[in-house]
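Written out below as structure tokens is the structure these notes cover.
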Amino acid sequence: MVVVSSDKCYENNEWPWGYRENEPMGGFDPYSSSKGCTELVCSAWRRSFFSPAEQARHGVALASARAGNVIGGGDWAADRLVPDILRAIEAGQPVSIRNPGAIRPWQHVLEPLSGYLLLAEKLYDDGPRHAEGWNFGPADDDARPVSWIAERLTRQCDGSAGFQADDTSGQPHEAHFLMLDCAKARRTLGWHPRWTLSRALDQIAQWHNAYRLGSDMRSVTLQQIQAYQDSVPEL
């Protein structure tokens, strides 16, 4: 069993380094706290009912996973950066951004998905060794400010309106800096990010431009998944 929460599960101290799997859980705001609660509940169930040392008896290997800020083609959710940018481009308007300077661990959605599947495989093969928490985030160099994402994606999708900083008065609290330390996944699982952030944005732009042209998006999506699987990790 793989339970997925979020990088927001960690008690954010605005440290300039990535959070490791053994860092305290928490959160300033209800959203972040809910992710920390998910991790605490998962840990409690594992220790109370699904102890790795007794897996031969209960037959359950329970792990949790935390990813960075996932992006990718086909995301139309509200109040998310990339969908907001693409909608603004379509409307010929500047996109409103709450915190242009906020730095996040951006990654293509296929990155953590590959990590979750690999973790599930490892749990099946050797549950007692892998039934714990895991980070699946991008390389440190791909922790970029929101404004960097907006400027680059706007250019790649032929948008010219750019972005504008939104009024943050009355808005919920947001962390300024957040990164994940994924050394454990690299060392123990052999997992590495395959695409840089630049490559991820290229794929999003290609997906969106194909959508605008009326292409077969199932085919486009499957081609991108295959391209990801065929790529070599960019260490």
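Residues in the structure tokens are numbered from 1 in each chain, the chains being A, B, ... in the order shown, and ligands are numbered from 1 in the order shown.
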
message: Using DSSP assignments from the backbone, pull out every residue in chain A that falls under helix (DSSP H, G or I) and give it to me as a VMD selection string.
response: chain A and resid 7 to 9 30 to 48 52 to 58 81 to 91 110 to 130 140 to 142 146 to 156 183 to 189 197 to 212 217 to 230

query: If you run DSSP on the backbone, which residues of region 27-222 of chain A are strand (DSSP E), as a list in words?
result: Ala63, Ser64, Ala65, Arg66, Ala67, Asn69, Val70, Ile71, Val95, Ser96, Ile97, Ile103, Arg104, Pro105, Trp106, Gln107, His108, Gly133, Trp134, Asn135, Phe136, Ala143, Arg144, Pro145, Phe163, Gln164 and Ala165 of chain A

Saved selection, atoms kept: N, CA and C atoms, as a PDB file, in the first residue's frame:
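Saved the output as again30.pdb:
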```pdb
ATOM      1  N   ALA A  63       3.618   2.051   2.961  1.00  0.00           N
ATOM      2  CA  ALA A  63       4.591   3.138   2.836  1.00  0.00           C
ATOM      3  C   ALA A  63       3.849   4.423   2.482  1.00  0.00           C
ATOM      4  N   SER A  64       4.497   5.542   2.718  1.00  0.00           N
ATOM      5  CA  SER A  64       3.934   6.838   2.317  1.00  0.00           C
ATOM      6  C   SER A  64       4.922   7.532   1.395  1.00  0.00           C
ATOM      7  N   ALA A  65       4.393   8.414   0.541  1.00  0.00           N
ATOM      8  CA  ALA A  65       5.229   9.101  -0.446  1.00  0.00           C
ATOM      9  C   ALA A  65       4.859  10.573  -0.506  1.00  0.00           C
ATOM     10  N   ARG A  66       5.884  11.404  -0.711  1.00  0.00           N
ATOM     11  CA  ARG A  66       5.686  12.852  -0.817  1.00  0.00           C
ATOM     12  C   ARG A  66       6.385  13.341  -2.076  1.00  0.00           C
ATOM     13  N   ALA A  67       5.664  14.104  -2.883  1.00  0.00           N
ATOM     14  CA  ALA A  67       6.218  14.641  -4.125  1.00  0.00           C
ATOM     15  C   ALA A  67       6.323  16.153  -4.034  1.00  0.00           C
ATOM     16  N   ASN A  69       5.906  19.926  -6.402  1.00  0.00           N
ATOM     17  CA  ASN A  69       4.792  20.559  -7.115  1.00  0.00           C
ATOM     18  C   ASN A  69       4.688  19.954  -8.506  1.00  0.00           C
ATOM     19  N   VAL A  70       3.709  19.093  -8.720  1.00  0.00           N
ATOM     20  CA  VAL A  70       3.610  18.383  -9.992  1.00  0.00           C
ATOM     21  C   VAL A  70       2.913  19.243 -11.040  1.00  0.00           C
ATOM     22  N   ILE A  71       3.428  19.178 -12.259  1.00  0.00           N
ATOM     23  CA  ILE A  71       2.882  19.909 -13.394  1.00  0.00           C
ATOM     24  C   ILE A  71       2.838  18.977 -14.592  1.00  0.00           C
ATOM     25  N   VAL A  95      -1.578  36.580 -16.543  1.00  0.00           N
ATOM     26  CA  VAL A  95      -2.002  35.698 -15.469  1.00  0.00           C
ATOM     27  C   VAL A  95      -1.695  36.371 -14.133  1.00  0.00           C
ATOM     28  N   SER A  96      -2.632  36.269 -13.199  1.00  0.00           N
ATOM     29  CA  SER A  96      -2.429  36.825 -11.862  1.00  0.00           C
ATOM     30  C   SER A  96      -1.746  35.784 -10.983  1.00  0.00           C
ATOM     31  N   ILE A  97      -0.649  36.180 -10.348  1.00  0.00           N
ATOM     32  CA  ILE A  97       0.141  35.274  -9.522  1.00  0.00           C
ATOM     33  C   ILE A  97       0.213  35.824  -8.105  1.00  0.00           C
ATOM     34  N   ILE A 103       9.433  29.904  -4.051  1.00  0.00           N
ATOM     35  CA  ILE A 103      10.254  28.868  -4.684  1.00  0.00           C
ATOM     36  C   ILE A 103       9.706  27.496  -4.306  1.00  0.00           C
ATOM     37  N   ARG A 104       9.479  26.659  -5.327  1.00  0.00           N
ATOM     38  CA  ARG A 104       8.890  25.346  -5.129  1.00  0.00           C
ATOM     39  C   ARG A 104       9.679  24.275  -5.897  1.00  0.00           C
ATOM     40  N   PRO A 105       9.575  23.009  -5.452  1.00  0.00           N
ATOM     41  CA  PRO A 105      10.237  21.906  -6.168  1.00  0.00           C
ATOM     42  C   PRO A 105       9.367  21.405  -7.317  1.00  0.00           C
ATOM     43  N   TRP A 106       9.433  22.084  -8.458  1.00  0.00           N
ATOM     44  CA  TRP A 106       8.590  21.732  -9.603  1.00  0.00           C
ATOM     45  C   TRP A 106       9.068  20.443 -10.268  1.00  0.00           C
ATOM     46  N   GLN A 107       8.121  19.619 -10.735  1.00  0.00           N
ATOM     47  CA  GLN A 107       8.477  18.398 -11.449  1.00  0.00           C
ATOM     48  C   GLN A 107       7.300  17.938 -12.306  1.00  0.00           C
ATOM     49  N   HIS A 108       7.625  17.311 -13.426  1.00  0.00           N
ATOM     50  CA  HIS A 108       6.574  16.752 -14.279  1.00  0.00           C
ATOM     51  C   HIS A 108       5.878  15.629 -13.517  1.00  0.00           C
ATOM     52  N   GLY A 133       8.429   6.170   4.998  1.00  0.00           N
ATOM     53  CA  GLY A 133       8.172   7.347   4.185  1.00  0.00           C
ATOM     54  C   GLY A 133       9.256   7.604   3.155  1.00  0.00           C
ATOM     55  N   TRP A 134       8.836   8.180   1.984  1.00  0.00           N
ATOM     56  CA  TRP A 134       9.776   8.423   0.886  1.00  0.00           C
ATOM     57  C   TRP A 134       9.474   9.754   0.203  1.00  0.00           C
ATOM     58  N   ASN A 135      10.543  10.456  -0.183  1.00  0.00           N
ATOM     59  CA  ASN A 135      10.431  11.681  -0.975  1.00  0.00           C
ATOM     60  C   ASN A 135      10.743  11.396  -2.433  1.00  0.00           C
ATOM     61  N   PHE A 136       9.925  11.965  -3.332  1.00  0.00           N
ATOM     62  CA  PHE A 136      10.185  11.869  -4.774  1.00  0.00           C
ATOM     63  C   PHE A 136      10.088  13.282  -5.359  1.00  0.00           C
ATOM     64  N   ALA A 143      14.354  23.763  -8.261  1.00  0.00           N
ATOM     65  CA  ALA A 143      13.534  24.538  -7.319  1.00  0.00           C
ATOM     66  C   ALA A 143      13.601  25.994  -7.799  1.00  0.00           C
ATOM     67  N   ARG A 144      12.548  26.438  -8.463  1.00  0.00           N
ATOM     68  CA  ARG A 144      12.537  27.750  -9.117  1.00  0.00           C
ATOM     69  C   ARG A 144      11.383  28.611  -8.615  1.00  0.00           C
ATOM     70  N   PRO A 145      11.523  29.935  -8.719  1.00  0.00           N
ATOM     71  CA  PRO A 145      10.420  30.810  -8.324  1.00  0.00           C
ATOM     72  C   PRO A 145       9.253  30.720  -9.297  1.00  0.00           C
ATOM     73  N   PHE A 163       2.579  38.227 -16.881  1.00  0.00           N
ATOM     74  CA  PHE A 163       1.900  37.999 -15.611  1.00  0.00           C
ATOM     75  C   PHE A 163       1.910  39.262 -14.771  1.00  0.00           C
ATOM     76  N   GLN A 164       1.054  39.260 -13.771  1.00  0.00           N
ATOM     77  CA  GLN A 164       0.998  40.374 -12.834  1.00  0.00           C
ATOM     78  C   GLN A 164       0.846  39.822 -11.425  1.00  0.00           C
ATOM     79  N   ALA A 165       1.475  40.496 -10.465  1.00  0.00           N
ATOM     80  CA  ALA A 165       1.381  40.061  -9.078  1.00  0.00           C
ATOM     81  C   ALA A 165       0.001  40.371  -8.531  1.00  0.00           C
TER      82      ALA A 165
END
```

- line: Judged by only C-alpha atoms, the minimum distance to Thr188 (chain A) among A:Pro233, A:Gly115, A:Pro30, A:Gly18 is found for A:Gly115

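Those residues that approach Pro16 (chain A) to within 10 Å, counting only C-alpha atoms, are Asn13, Glu14, Gly18, Tyr19, Phe177, Leu178 and Met179 of chain A; same-chain residues fewer than 2 positions away are not listed.
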
Please write the residues from the selection above to a file, keeping C-alpha atoms, as a short mmCIF file (atom, residue, chain, number, x, y, z; two decimals), in the first residue's frame.
```cif
data_model
loop_
_atom_site.label_atom_id
_atom_site.label_comp_id
_atom_site.auth_asym_id
_atom_site.auth_seq_id
_atom_site.Cartn_x
_atom_site.Cartn_y
_atom_site.Cartn_z
CA ASN A 13 11.07 26.40 8.74
CA GLU A 14 12.07 28.15 5.47
CA GLY A 18 15.61 20.01 1.37
CA TYR A 19 13.46 18.28 3.96
CA PHE A 177 10.78 28.29 0.15
CA LEU A 178 10.25 24.53 0.03
CA MET A 179 12.47 21.71 -1.22
#
```

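Note that CA of Asp140 (chain A) and CA of Leu62 (chain A) are 27.8 Å apart.
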
query: Excluding same-chain residues fewer than 3 positions from region 7-12 of chain A, what lies within 6 Å of it counting only C-alpha atoms, as a PyMOL selection string?
result: chain A and resi 24-27+32+35-36+66-68

Got time to write the residues from that selection, C-alpha atoms, as a JSON list (two decimals), in the first residue's frame?
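For reference, out-v4.json as written:
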```
[["chain", "number", "residue", "atom", "x", "y", "z"],
["A", 24, "PRO", "CA", 8.92, 16.77, 11.83],
["A", 25, "MET", "CA", 5.45, 16.90, 10.29],
["A", 26, "GLY", "CA", 3.22, 19.93, 10.66],
["A", 27, "GLY", "CA", 2.05, 23.03, 8.89],
["A", 32, "SER", "CA", -0.33, 21.85, 5.10],
["A", 35, "LYS", "CA", -0.91, 16.60, 4.81],
["A", 36, "GLY", "CA", 1.10, 16.21, 8.01],
["A", 66, "ARG", "CA", 5.69, 12.85, -0.82],
["A", 67, "ALA", "CA", 6.22, 14.64, -4.13],
["A", 68, "GLY", "CA", 7.01, 18.18, -5.14]]
```

message: Need the shell around region 40-50 of chain A: protein/DNA/RNA residues with any atom at most 7 Å away, counting only C-alpha atoms. Skip same-chain ones fewer than 6 positions apart. Format as a ChimeraX atom specification?
response: /A:58,60-62

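Using only C-alpha atoms, the contacts of Gln224 (chain A) at a cut-off of 10 Å, with sequence neighbours closer than 2 positions omitted, comprise Gly73, Leu110, Gln203, Ile204, Gln206, Trp207, Arg218, Ser219, Val220, Thr221, Leu222, Gln226, Ala227, Tyr228, Gln229 and Asp230 of chain A.
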
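Of note, CA of Asp158 (chain A) and CA of Asn99 (chain A) are spaced 23.1 Å apart.
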
Contact residues around Asp84 (chain A) with only C-alpha atoms at 12 Å, ignoring same-chain residues under 3 positions, as a count of residues only: 25
